[in-house]
>>> print(open('model18.pdb').read())   # PDB, C-alpha atoms, pLDDT in the B column
MODEL        1
ATOM      1  CA  MET A  62     -62.068 -43.269 -19.031  1.00 69.00           C
ATOM      2  CA  LYS A  63     -62.705 -39.550 -18.749  1.00 75.00           C
ATOM      3  CA  LYS A  64     -61.849 -39.649 -15.062  1.00 79.00           C
ATOM      4  CA  ASN A  65     -58.506 -41.300 -15.829  1.00 87.00           C
ATOM      5  CA  MET A  66     -57.724 -38.692 -18.519  1.00 90.00           C
ATOM      6  CA  ILE A  67     -58.495 -35.838 -16.155  1.00 91.00           C
ATOM      7  CA  SER A  68     -56.325 -37.466 -13.457  1.00 91.00           C
ATOM      8  CA  ILE A  69     -53.421 -37.810 -15.914  1.00 92.00           C
ATOM      9  CA  ILE A  70     -53.789 -34.137 -16.999  1.00 93.00           C
ATOM     10  CA  ILE A  71     -53.899 -33.008 -13.368  1.00 93.00           C
ATOM     11  CA  LEU A  72     -50.821 -35.127 -12.597  1.00 94.00           C
ATOM     12  CA  ALA A  73     -48.954 -33.678 -15.611  1.00 95.00           C
ATOM     13  CA  LEU A  74     -49.855 -30.108 -14.601  1.00 95.00           C
ATOM     14  CA  LEU A  75     -48.757 -30.871 -11.051  1.00 95.00           C
ATOM     15  CA  VAL A  76     -45.358 -32.134 -12.254  1.00 96.00           C
ATOM     16  CA  VAL A  77     -44.937 -29.061 -14.532  1.00 96.00           C
ATOM     17  CA  ASN A  78     -45.874 -26.805 -11.610  1.00 95.00           C
ATOM     18  CA  ILE A  79     -43.311 -28.470  -9.331  1.00 95.00           C
ATOM     19  CA  VAL A  80     -40.575 -28.200 -12.003  1.00 95.00           C
ATOM     20  CA  LEU A  81     -41.307 -24.516 -12.683  1.00 93.00           C
ATOM     21  CA  THR A  82     -41.422 -23.765  -8.947  1.00 92.00           C
ATOM     22  CA  ALA A  83     -38.030 -25.433  -8.466  1.00 91.00           C
ATOM     23  CA  ILE A  84     -36.519 -23.432 -11.360  1.00 90.00           C
ATOM     24  CA  MET A  85     -37.958 -20.216  -9.970  1.00 88.00           C
ATOM     25  CA  MET A  86     -36.641 -20.947  -6.453  1.00 87.00           C
ATOM     26  CA  PHE A  87     -33.096 -21.576  -7.710  1.00 83.00           C
ATOM     27  CA  SER A  88     -33.054 -18.394  -9.822  1.00 84.00           C
ATOM     28  CA  VAL A  89     -34.533 -16.226  -7.032  1.00 85.00           C
ATOM     29  CA  THR A  90     -32.229 -17.718  -4.409  1.00 84.00           C
ATOM     30  CA  SER A  91     -29.058 -16.895  -6.366  1.00 80.00           C
ATOM     31  CA  ALA A  92     -30.253 -13.334  -7.043  1.00 81.00           C
ATOM     32  CA  SER A  93     -31.219 -12.980  -3.382  1.00 84.00           C
ATOM     33  CA  ARG A  94     -27.736 -14.103  -2.286  1.00 84.00           C
ATOM     34  CA  LYS A  95     -26.092 -11.577  -4.613  1.00 85.00           C
ATOM     35  CA  THR A  96     -28.339  -8.800  -3.294  1.00 86.00           C
ATOM     36  CA  ALA A  97     -27.593  -9.764   0.309  1.00 83.00           C
ATOM     37  CA  ALA A  98     -23.850  -9.758  -0.419  1.00 83.00           C
ATOM     38  CA  LEU A  99     -24.098  -6.307  -2.040  1.00 85.00           C
ATOM     39  CA  VAL A 100     -26.037  -4.898   0.928  1.00 83.00           C
ATOM     40  CA  ASP A 101     -23.481  -6.460   3.289  1.00 81.00           C
ATOM     41  CA  ASN A 102     -20.579  -4.850   1.377  1.00 81.00           C
ATOM     42  CA  ILE A 103     -22.268  -1.446   1.438  1.00 83.00           C
ATOM     43  CA  ALA A 104     -22.961  -1.740   5.166  1.00 77.00           C
ATOM     44  CA  THR A 105     -19.336  -2.710   5.779  1.00 78.00           C
ATOM     45  CA  ALA A 106     -18.073   0.285   3.767  1.00 75.00           C
ATOM     46  CA  LEU A 107     -20.355   2.645   5.682  1.00 74.00           C
ATOM     47  CA  ASP A 108     -19.160   1.240   9.005  1.00 68.00           C
ATOM     48  CA  LEU A 109     -15.545   1.784   7.943  1.00 58.00           C
ATOM     49  CA  GLU A 110     -16.264   5.387   6.941  1.00 55.00           C
ATOM     50  CA  LEU A 111     -18.032   6.118  10.202  1.00 52.00           C
ATOM     51  CA  ALA A 112     -15.288   4.433  12.208  1.00 54.00           C
ATOM     52  CA  ALA A 113     -12.564   6.395  10.374  1.00 53.00           C
ATOM     53  CA  ALA A 114     -14.335   9.715  10.871  1.00 52.00           C
ATOM     54  CA  GLY A 115     -15.012   8.948  14.520  1.00 48.00           C
ATOM     55  CA  GLY A 116     -11.411   7.829  15.004  1.00 48.00           C
ATOM     56  CA  GLU A 117     -10.030  11.178  13.829  1.00 48.00           C
ATOM     57  CA  GLU A 118     -12.358  13.112  16.108  1.00 45.00           C
ATOM     58  CA  GLU A 119     -11.430  10.901  19.048  1.00 42.00           C
ATOM     59  CA  GLU A 120      -7.725  11.441  18.345  1.00 47.00           C
ATOM     60  CA  ILE A 121      -8.187  15.214  18.298  1.00 49.00           C
ATOM     61  CA  ALA A 122     -10.271  15.058  21.448  1.00 48.00           C
ATOM     62  CA  THR A 123      -7.584  13.088  23.325  1.00 77.00           C
ATOM     63  CA  ILE A 124      -4.964  15.819  22.915  1.00 80.00           C
ATOM     64  CA  PRO A 125      -5.283  18.094  25.945  1.00 82.00           C
ATOM     65  CA  MET A 126      -5.655  21.817  25.267  1.00 83.00           C
ATOM     66  CA  ASP A 127      -2.366  22.623  26.994  1.00 81.00           C
ATOM     67  CA  LYS A 128      -0.585  20.374  24.436  1.00 83.00           C
ATOM     68  CA  ILE A 129      -2.065  22.134  21.397  1.00 84.00           C
ATOM     69  CA  ALA A 130      -0.317  25.034  19.716  1.00 83.00           C
ATOM     70  CA  VAL A 131      -1.892  27.071  16.929  1.00 84.00           C
ATOM     71  CA  TYR A 132       0.159  28.405  14.034  1.00 84.00           C
ATOM     72  CA  ASP A 133      -1.502  31.132  11.968  1.00 85.00           C
ATOM     73  CA  ILE A 134      -0.130  31.906   8.543  1.00 85.00           C
ATOM     74  CA  SER A 135       1.062  35.488   8.895  1.00 79.00           C
ATOM     75  CA  GLU A 136      -0.988  37.086   6.112  1.00 85.00           C
ATOM     76  CA  SER A 137      -4.324  36.497   4.474  1.00 86.00           C
ATOM     77  CA  MET A 138      -3.888  34.588   1.245  1.00 88.00           C
ATOM     78  CA  THR A 139      -5.476  35.384  -2.106  1.00 88.00           C
ATOM     79  CA  VAL A 140      -5.743  32.072  -3.924  1.00 89.00           C
ATOM     80  CA  PRO A 141      -6.723  31.784  -7.605  1.00 88.00           C
ATOM     81  CA  LEU A 142      -9.445  29.209  -8.240  1.00 88.00           C
ATOM     82  CA  LYS A 143     -10.022  27.089 -11.330  1.00 87.00           C
ATOM     83  CA  THR A 144     -12.078  28.849 -14.009  1.00 86.00           C
ATOM     84  CA  GLY A 145     -15.720  27.826 -13.731  1.00 81.00           C
ATOM     85  CA  GLU A 146     -18.508  27.416 -16.253  1.00 82.00           C
ATOM     86  CA  ASP A 147     -19.003  31.187 -16.446  1.00 84.00           C
ATOM     87  CA  GLY A 148     -15.484  31.594 -17.911  1.00 83.00           C
ATOM     88  CA  LYS A 149     -14.473  34.212 -15.331  1.00 85.00           C
ATOM     89  CA  SER A 150     -11.474  34.061 -13.015  1.00 87.00           C
ATOM     90  CA  HIS A 151     -12.389  33.685  -9.364  1.00 88.00           C
ATOM     91  CA  PHE A 152     -10.331  34.087  -6.214  1.00 88.00           C
ATOM     92  CA  CYS A 153     -10.570  33.064  -2.611  1.00 88.00           C
ATOM     93  CA  LEU A 154      -9.337  35.278   0.217  1.00 89.00           C
ATOM     94  CA  LEU A 155      -8.605  33.223   3.314  1.00 90.00           C
ATOM     95  CA  SER A 156      -6.677  33.009   6.563  1.00 89.00           C
ATOM     96  CA  VAL A 157      -5.367  29.598   7.533  1.00 90.00           C
ATOM     97  CA  ALA A 158      -4.425  28.228  10.954  1.00 89.00           C
ATOM     98  CA  PHE A 159      -2.903  24.875  11.862  1.00 88.00           C
ATOM     99  CA  SER A 160      -3.411  22.978  15.121  1.00 87.00           C
ATOM    100  CA  ILE A 161      -0.164  21.370  16.273  1.00 87.00           C
ATOM    101  CA  ASN A 162       0.464  18.646  18.859  1.00 86.00           C
ATOM    102  CA  THR A 163       3.342  19.923  21.036  1.00 85.00           C
ATOM    103  CA  ASP A 164       4.061  16.415  22.406  1.00 85.00           C
ATOM    104  CA  ASP A 165       4.913  15.034  18.955  1.00 82.00           C
ATOM    105  CA  LYS A 166       8.567  14.328  18.073  1.00 82.00           C
ATOM    106  CA  ALA A 167       8.307  16.371  14.870  1.00 81.00           C
ATOM    107  CA  TYR A 168       7.224  19.418  16.863  1.00 81.00           C
ATOM    108  CA  LYS A 169      10.568  19.327  18.603  1.00 80.00           C
ATOM    109  CA  THR A 170      12.312  18.960  15.214  1.00 78.00           C
ATOM    110  CA  TYR A 171      10.512  21.759  13.386  1.00 75.00           C
ATOM    111  CA  GLY A 172      10.020  23.915  16.443  1.00 64.00           C
ATOM    112  CA  SER A 173       7.063  26.016  17.381  1.00 61.00           C
ATOM    113  CA  ASP A 174       7.737  28.418  14.509  1.00 67.00           C
ATOM    114  CA  LEU A 175       6.867  27.158  11.048  1.00 77.00           C
ATOM    115  CA  SER A 176       7.674  30.495   9.389  1.00 78.00           C
ATOM    116  CA  ALA A 177      10.715  28.997   7.623  1.00 80.00           C
ATOM    117  CA  GLN A 178       8.416  26.574   5.807  1.00 83.00           C
ATOM    118  CA  GLU A 179       5.537  29.025   5.379  1.00 85.00           C
ATOM    119  CA  SER A 180       6.113  29.566   1.658  1.00 86.00           C
ATOM    120  CA  LEU A 181       6.038  25.794   1.071  1.00 88.00           C
ATOM    121  CA  ILE A 182       2.827  25.513   3.095  1.00 88.00           C
ATOM    122  CA  LYS A 183       1.263  28.367   1.093  1.00 89.00           C
ATOM    123  CA  ASP A 184       2.203  26.560  -2.118  1.00 90.00           C
ATOM    124  CA  LYS A 185       0.376  23.427  -0.921  1.00 90.00           C
ATOM    125  CA  ILE A 186      -2.693  25.522  -0.062  1.00 89.00           C
ATOM    126  CA  ASN A 187      -2.607  27.220  -3.490  1.00 89.00           C
ATOM    127  CA  THR A 188      -2.255  23.848  -5.228  1.00 90.00           C
ATOM    128  CA  VAL A 189      -5.207  22.299  -3.401  1.00 90.00           C
ATOM    129  CA  PHE A 190      -7.521  25.298  -3.852  1.00 87.00           C
ATOM    130  CA  GLY A 191      -6.469  25.649  -7.508  1.00 87.00           C
ATOM    131  CA  LYS A 192      -8.122  22.314  -8.310  1.00 89.00           C
ATOM    132  CA  TYR A 193     -11.582  23.666  -7.496  1.00 89.00           C
ATOM    133  CA  THR A 194     -13.948  26.132  -9.114  1.00 88.00           C
ATOM    134  CA  MET A 195     -15.628  28.697  -6.873  1.00 87.00           C
ATOM    135  CA  GLU A 196     -18.818  26.642  -6.627  1.00 87.00           C
ATOM    136  CA  GLU A 197     -16.919  23.420  -5.851  1.00 88.00           C
ATOM    137  CA  ALA A 198     -14.755  25.146  -3.241  1.00 87.00           C
ATOM    138  CA  MET A 199     -17.798  26.601  -1.494  1.00 87.00           C
ATOM    139  CA  ALA A 200     -19.493  23.208  -1.422  1.00 87.00           C
ATOM    140  CA  ASN A 201     -16.434  21.137  -0.400  1.00 85.00           C
ATOM    141  CA  GLN A 202     -14.635  23.106   2.312  1.00 88.00           C
ATOM    142  CA  GLU A 203     -14.221  20.068   4.570  1.00 90.00           C
ATOM    143  CA  GLN A 204     -12.736  18.041   1.714  1.00 90.00           C
ATOM    144  CA  ILE A 205     -10.315  20.900   0.957  1.00 90.00           C
ATOM    145  CA  ARG A 206      -9.291  21.019   4.636  1.00 91.00           C
ATOM    146  CA  GLN A 207      -8.567  17.292   4.603  1.00 92.00           C
ATOM    147  CA  GLU A 208      -6.547  17.555   1.365  1.00 91.00           C
ATOM    148  CA  ILE A 209      -4.477  20.442   2.729  1.00 90.00           C
ATOM    149  CA  LEU A 210      -3.900  18.488   5.939  1.00 90.00           C
ATOM    150  CA  LYS A 211      -2.734  15.406   4.010  1.00 92.00           C
ATOM    151  CA  GLU A 212      -0.415  17.494   1.816  1.00 90.00           C
ATOM    152  CA  VAL A 213       1.172  19.264   4.806  1.00 89.00           C
ATOM    153  CA  GLN A 214       1.517  16.016   6.769  1.00 87.00           C
ATOM    154  CA  THR A 215       3.180  14.432   3.735  1.00 89.00           C
ATOM    155  CA  MET A 216       5.482  17.430   3.357  1.00 87.00           C
ATOM    156  CA  PHE A 217       6.673  17.157   6.992  1.00 84.00           C
ATOM    157  CA  ASP A 218       6.465  13.345   6.965  1.00 84.00           C
ATOM    158  CA  SER A 219       4.651  13.556  10.292  1.00 83.00           C
ATOM    159  CA  GLU A 220       1.228  14.050  11.798  1.00 84.00           C
ATOM    160  CA  PHE A 221       2.192  16.686  14.372  1.00 85.00           C
ATOM    161  CA  ILE A 222      -0.099  19.052  12.464  1.00 86.00           C
ATOM    162  CA  PHE A 223      -3.490  17.442  13.039  1.00 87.00           C
ATOM    163  CA  ASN A 224      -6.050  20.061  11.983  1.00 89.00           C
ATOM    164  CA  VAL A 225      -6.521  22.872   9.473  1.00 91.00           C
ATOM    165  CA  ALA A 226      -8.879  25.774  10.121  1.00 89.00           C
ATOM    166  CA  PHE A 227     -10.031  28.625   7.893  1.00 87.00           C
ATOM    167  CA  SER A 228     -10.621  31.637  10.133  1.00 81.00           C
ATOM    168  CA  GLU A 229     -11.748  33.902   7.271  1.00 84.00           C
ATOM    169  CA  ILE A 230     -12.835  32.799   3.871  1.00 86.00           C
ATOM    170  CA  VAL A 231     -14.321  34.990   1.138  1.00 86.00           C
ATOM    171  CA  TYR A 232     -14.998  33.979  -2.463  1.00 86.00           C
ATOM    172  CA  GLN A 233     -15.060  36.396  -5.360  1.00 82.00           C
TER
ENDMDL
END
>>> encode(input="model18.pdb", output="structure tokens")
Amino acid sequence: MKKNMISIIILALLVVNIVLTAIMMFSVTSASRKTAALVDNIATALDLELAAAGGEEEEIATIPMDKIAVYDISESMTVPLKTGEDGKSHFCLLSVAFSINTDDKAYKTYGSDLSAQESLIKDKINTVFGKYTMEEAMANQEQIRQEILKEVQTMFDSEFIFNVAFSEIVYQ
């Protein structure tokens, strides 16, 4: 009789073990699928970022040097920056140059001389730099370049200007 009781207890524990294992497998499997989907989404986003960055560099690299013109803004600019945590006003002294694709249709429209639009371009540069404190501007120069480029391309409704360069930049 004792052997039968022990066999029944072992059988009951075995059934409970199988049920708990099945519950655990279903809960772990769903969490594992969600984690795999999240990792897949992150990997996809990173691939898109890398492809976009590489695409811009490839586009710049495909323009031959004899088809690139450089337009320098005539004077150094003193740009006011957003007031930082120290409460003091800061400025940025910089010289800006634009790389222009001479084969683009808009280059023929606006000509090689952008001096007529220079005050509008300076306003875009002031607006973009004015969003940043001195510390943020020092840390995010590439982001500022990209924002200025987007603003100028939007202003001309063309991508004949394809790069922005800061030849001198001093923060105070």
>>> residues_around(input="model18.pdb", residues="stretch 179-184 of chain A", least_positions_apart="2", cutoff="12 Å", atoms="all atoms listed in the file", output="MDAnalysis selection string")
chainID A and resid 132:141 155:159 171 174:177 186:191 209:217 222 225
>>> atom_distance(input="model18.pdb", atom1="atom CA of A:Lys128", atom2="atom CA of A:Thr163")
5.2 Å
>>> resolve_selection(input="model18.pdb", expression="the PyMOL selection byres ((chain A and resi 146-151) around 9)", output="compact mmCIF listing (two decimals) with C-alpha atoms, in the frame of the given file")
# COMPACT_ATOMS: atom_id res chain seq x y z
CA VAL A 140 -5.74 32.07 -3.92
CA PRO A 141 -6.72 31.78 -7.60
CA LEU A 142 -9.44 29.21 -8.24
CA LYS A 143 -10.02 27.09 -11.33
CA THR A 144 -12.08 28.85 -14.01
CA GLY A 145 -15.72 27.83 -13.73
CA PHE A 152 -10.33 34.09 -6.21
CA CYS A 153 -10.57 33.06 -2.61
CA THR A 194 -13.95 26.13 -9.11
CA MET A 195 -15.63 28.70 -6.87
CA TYR A 232 -15.00 33.98 -2.46
CA GLN A 233 -15.06 36.40 -5.36
>>> atom_distance(input="model18.pdb", atom1="atom CA of A:Val131", atom2="atom CA of A:Glu197")
27.5 Å
>>> resolve_selection(input="model18.pdb", expression="the PyMOL selection byres ((chain A and resi 127) around 12)", output="compact mmCIF listing (two decimals) with C-alpha atoms, in the coordinates of the input")
# COMPACT_ATOMS: atom_id res chain seq x y z
CA THR A 123 -7.58 13.09 23.32
CA ILE A 124 -4.96 15.82 22.92
CA PRO A 125 -5.28 18.09 25.94
CA MET A 126 -5.66 21.82 25.27
CA LYS A 128 -0.58 20.37 24.44
CA ILE A 129 -2.06 22.13 21.40
CA ALA A 130 -0.32 25.03 19.72
CA VAL A 131 -1.89 27.07 16.93
CA SER A 160 -3.41 22.98 15.12
CA ILE A 161 -0.16 21.37 16.27
CA ASN A 162 0.46 18.65 18.86
CA THR A 163 3.34 19.92 21.04
CA ASP A 164 4.06 16.42 22.41
>>> closest_residue(input="model18.pdb", among="A:Lys95, A:Lys166, A:Lys64, A:Arg206", to="A:Phe221", atoms="only C-alpha atoms")
A:Lys166
>>> closest_residue(input="model18.pdb", among="A:Tyr168, A:Phe87, A:Tyr193, A:Phe223", to="A:Gln207", atoms="only C-alpha atoms")
A:Phe223
>>> atom_distance(input="model18.pdb", atom1="atom CA of A:Val231", atom2="atom CA of A:Leu154")
5.1 Å
>>> closest_residue(input="model18.pdb", among="A:Lys185, A:Glu220, A:Ile67, A:Met199", to="A:Ala167", atoms="only C-alpha atoms")
A:Glu220
>>> closest_residue(input="model18.pdb", among="A:Asp165, A:Asp101, A:Glu196, A:Glu203", to="A:Ser219", atoms="only C-alpha atoms")
A:Asp165
